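Single-structure report; data block below.
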Amino acid sequence: MFPTKTSTALALLACFVPLSLALNLFNFFWMDGVFAIVTIVAFCFSEKSWNGIRSTFGFNNKFLLICLAAYLGSGILGYFLNSPMQTHEWNKIASLRWIWGFFACFSVGNILAVNSKKINWSFSTLIVILAWIIYRQYNLTSGEFITPDHRLQGFYSNPNYFALALVLVWAMVLSFVLYSKDCPSRTSATLVLIMATIALIATYTRTSWIGMICTLMVALFYTKNKKAIAISGLTFALFAAAAVFNVFELKDRILYTFDFSGVNSQIARLTIWKVSWQVFLDHPLFGVGFENAAKLFPAYYVKLGHANEYVVGHAHNQFLDILAGAGIFGLAGYLGAFGGAAVFFYHKLKNSAELHKKQLALGSILCIVALFACSWTETPFIQHEVRNFILILLGFSYGYLAGKPQQQTTL
């Protein structure tokens with residue numbers, strides 16, 4: 001019996017998340033084209049009415065739309081209030097089209113929830129991609145895989161970008177390991193988690209390590225999974241032992257974090273935080289425009305008595321970056337959007353009777369935890385490599401869990 005056009009389209013949409021994540025691990029730049037195709041397919045599936053389109057694309061969540069309007073509106077208004085609009089500024093505003101990508105990802109989850117039964121999650125694609133990245137790194141470094149002189153960066157231009165993107169996938173997969181009862185599924189998810197953990201250590205990105213630790217603590221505190229606690233304790237003991245004996249130069253990397261002598265990344269971060277805070281104090285309501293504070297940094301360095309060698313492209317702190325670029329209203333919108341999402345996912349986690357929905361809800365919460373944990377020393381949301389993962393994971397999860405009524409249960 002030949003498959004219908006509907007079942008074929010649904011099968012393609014079901015591949016959207018793993019394939020998109022895999023393509024992004026390969027540093028896939030043309031996500032605009034992917035989002036455009038998804039939007040067209042989703043529109044074909046939606047009811048041809050305004051209410052049907054709103055439901056398919058998630059336009060019926062007024063709180064989310066208000067938060068996004070506050071975030072985007074403040075940053076854009078900051079340009080007009082504090083900077084002459086030149087081509088460079090218009091290009092930055094145009095890059096905010098990522099918001100359309102979020103609703104495209106929502107539509108995928110919504111359509112699959114409404115038109116299909118339970119989805120069997122597969123991690124085979126990610127296993128293959130991670131194995132290839134690790135194998136490629138091993139060959140490039142002539143067997144010296146975990147070393148600070150050859151930080152793993154996948155196919156990205158910067159190991160930090162790769163690590164900040166991968167830690168979001170790590171957080172999502174963690175929930176499937178903790179909640180999975182199906183042996184093949186749990187085994188494949190565990191393999192991805194192990195490979196991603198090794199890869200994240202090999203990036204030597206301290207921010208992603210912080211994200212992993214914070215995410216794991218939240219996950220174990222909530223689930224209280226004894227086996228997971230024991231395995232995590234053993235893993236941490238092995239890592240601590242490796243650090244004490246400076247295996248793979250981990251001790252040197254950790255101690256470097258507490259080195260505040262001379263000119264290094266710690267001193268540079270502290271300096272840029274002070275400068276970003278001062279930019280915010282001078283423009284508290286709407287900021288100076290998204291990612292536009294860097295234009296003002298040289299003058300502020302002089303104003304605060306610092307040398308120009310500290311000039312960097314962004315604040316290395318997501319919250320300060322938003323405060324300087326979009327002000328109080330922008331930060332309120334940003335926190336409101338993710339805070340509202342966390343409440344939504346928590347509600348679904350508590351009340352869903354279906355295991356695969358619990359996995360998706362917990363994984364989404366852990367993604368937000370990882371994002372916020374990493375946001376204290378980096379600016380993951382302004383990097384398109386990382387932002388694509390956020391759009392795909394949270395947009396799809398939100399759409400799928402909001403797709404149709406579910407049975408209620410009490411944990």
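Residues are named by chain letter and number: chains run A, B, ... in the order of the structure tokens, numbers start at 1 in each chain, and ligands are numbered from 1 in the order shown.
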
For A:Leu23: contacts at 12 Å, only C-alpha atoms, fewer than 6 positions along chain excluded, given as a list of chain:residue names: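 Counting only C-alpha atoms, the residues come to A:Cys15, A:Phe16, A:Val17, A:Phe29, A:Trp30, A:Met31, A:Val34, A:Thr125, A:Leu126, A:Val128, A:Ile129, A:Leu130, A:Gly154, A:Phe155, A:Tyr156, A:Glu385, A:Asn388, A:Phe389, A:Ile392.
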
Shortest interatomic distance to A:Ser185 - which of A:Val173, A:His347, A:Tyr79, A:Ser46, counting only C-alpha atoms: A:Val173

Exercise: stretch 329-345 of chain A partners within 6 Å, only C-alpha atoms, chain neighbours under 5 positions left out, as a list in words: Leu64, Cys67, Leu68, Ala70, Tyr71, Ser74, Ile322, Ala361 and Ile365 of chain A

Go ahead and write the selection's residues with N, CA, C and O atoms as a PDB file, in the first residue's frame.
ATOM      1  N   LEU A  64       3.129  35.687  25.132  1.00  0.00           N
ATOM      2  CA  LEU A  64       4.376  35.519  24.394  1.00  0.00           C
ATOM      3  C   LEU A  64       4.557  36.629  23.374  1.00  0.00           C
ATOM      4  O   LEU A  64       5.655  37.190  23.234  1.00  0.00           O
ATOM      5  N   CYS A  67       5.623  39.841  25.072  1.00  0.00           N
ATOM      6  CA  CYS A  67       7.023  39.785  25.492  1.00  0.00           C
ATOM      7  C   CYS A  67       7.966  39.950  24.306  1.00  0.00           C
ATOM      8  O   CYS A  67       8.962  40.685  24.390  1.00  0.00           O
ATOM      9  N   LEU A  68       7.656  39.285  23.205  1.00  0.00           N
ATOM     10  CA  LEU A  68       8.492  39.417  22.019  1.00  0.00           C
ATOM     11  C   LEU A  68       8.447  40.836  21.465  1.00  0.00           C
ATOM     12  O   LEU A  68       9.465  41.376  21.013  1.00  0.00           O
ATOM     13  N   ALA A  70       7.952  43.530  23.207  1.00  0.00           N
ATOM     14  CA  ALA A  70       8.742  44.372  24.114  1.00  0.00           C
ATOM     15  C   ALA A  70      10.232  44.201  23.843  1.00  0.00           C
ATOM     16  O   ALA A  70      10.986  45.190  23.800  1.00  0.00           O
ATOM     17  N   TYR A  71      10.655  42.958  23.651  1.00  0.00           N
ATOM     18  CA  TYR A  71      12.072  42.676  23.413  1.00  0.00           C
ATOM     19  C   TYR A  71      12.541  43.264  22.081  1.00  0.00           C
ATOM     20  O   TYR A  71      13.526  44.009  22.015  1.00  0.00           O
ATOM     21  N   SER A  74      11.945  47.292  21.787  1.00  0.00           N
ATOM     22  CA  SER A  74      12.890  48.115  22.556  1.00  0.00           C
ATOM     23  C   SER A  74      14.240  48.204  21.854  1.00  0.00           C
ATOM     24  O   SER A  74      14.822  49.287  21.749  1.00  0.00           O
ATOM     25  N   ILE A 322      21.649  42.610  26.664  1.00  0.00           N
ATOM     26  CA  ILE A 322      20.274  43.040  26.400  1.00  0.00           C
ATOM     27  C   ILE A 322      19.990  44.372  27.085  1.00  0.00           C
ATOM     28  O   ILE A 322      19.336  45.251  26.496  1.00  0.00           O
ATOM     29  N   ALA A 361       8.900  17.974  27.701  1.00  0.00           N
ATOM     30  CA  ALA A 361       8.694  19.107  28.596  1.00  0.00           C
ATOM     31  C   ALA A 361       9.905  19.315  29.505  1.00  0.00           C
ATOM     32  O   ALA A 361      10.400  20.443  29.666  1.00  0.00           O
ATOM     33  N   ILE A 365      12.670  22.508  29.619  1.00  0.00           N
ATOM     34  CA  ILE A 365      13.034  23.244  30.835  1.00  0.00           C
ATOM     35  C   ILE A 365      14.547  23.238  31.022  1.00  0.00           C
ATOM     36  O   ILE A 365      15.161  24.265  31.340  1.00  0.00           O
TER      37      ILE A 365
END

Near-A:Met172 list (8 Å; only C-alpha atoms; drop same-chain fewer than 4 positions) as number ranges by chain: A: 168, 176, 360, 362-364, 366-367

Residue contacts of A:Met212 (7 Å, only C-alpha atoms) excluding same-chain residues fewer than 4 positions away, as a ChimeraX atom specification: /A:167,208,216,370

Those residues you just picked out, can you put them in a file as an mmCIF file, in the first residue's frame with C-alpha atoms?
data_model
loop_
_atom_site.group_PDB
_atom_site.id
_atom_site.type_symbol
_atom_site.label_atom_id
_atom_site.label_comp_id
_atom_site.auth_asym_id
_atom_site.auth_seq_id
_atom_site.Cartn_x
_atom_site.Cartn_y
_atom_site.Cartn_z
ATOM 1 C CA VAL A 167 25.119 21.949 25.538
ATOM 2 C CA SER A 208 29.447 25.152 28.666
ATOM 3 C CA LEU A 216 22.397 18.302 35.746
ATOM 4 C CA ALA A 370 21.427 25.584 30.256
#

Members of stretch 13-206 of chain A assigned helix (DSSP H, G or I) by DSSP, as a VMD selection string: chain A and resid 13 to 14 16 to 25 31 to 45 50 to 57 62 to 82 87 to 115 124 to 140 148 to 150 159 to 179 183 to 203 206
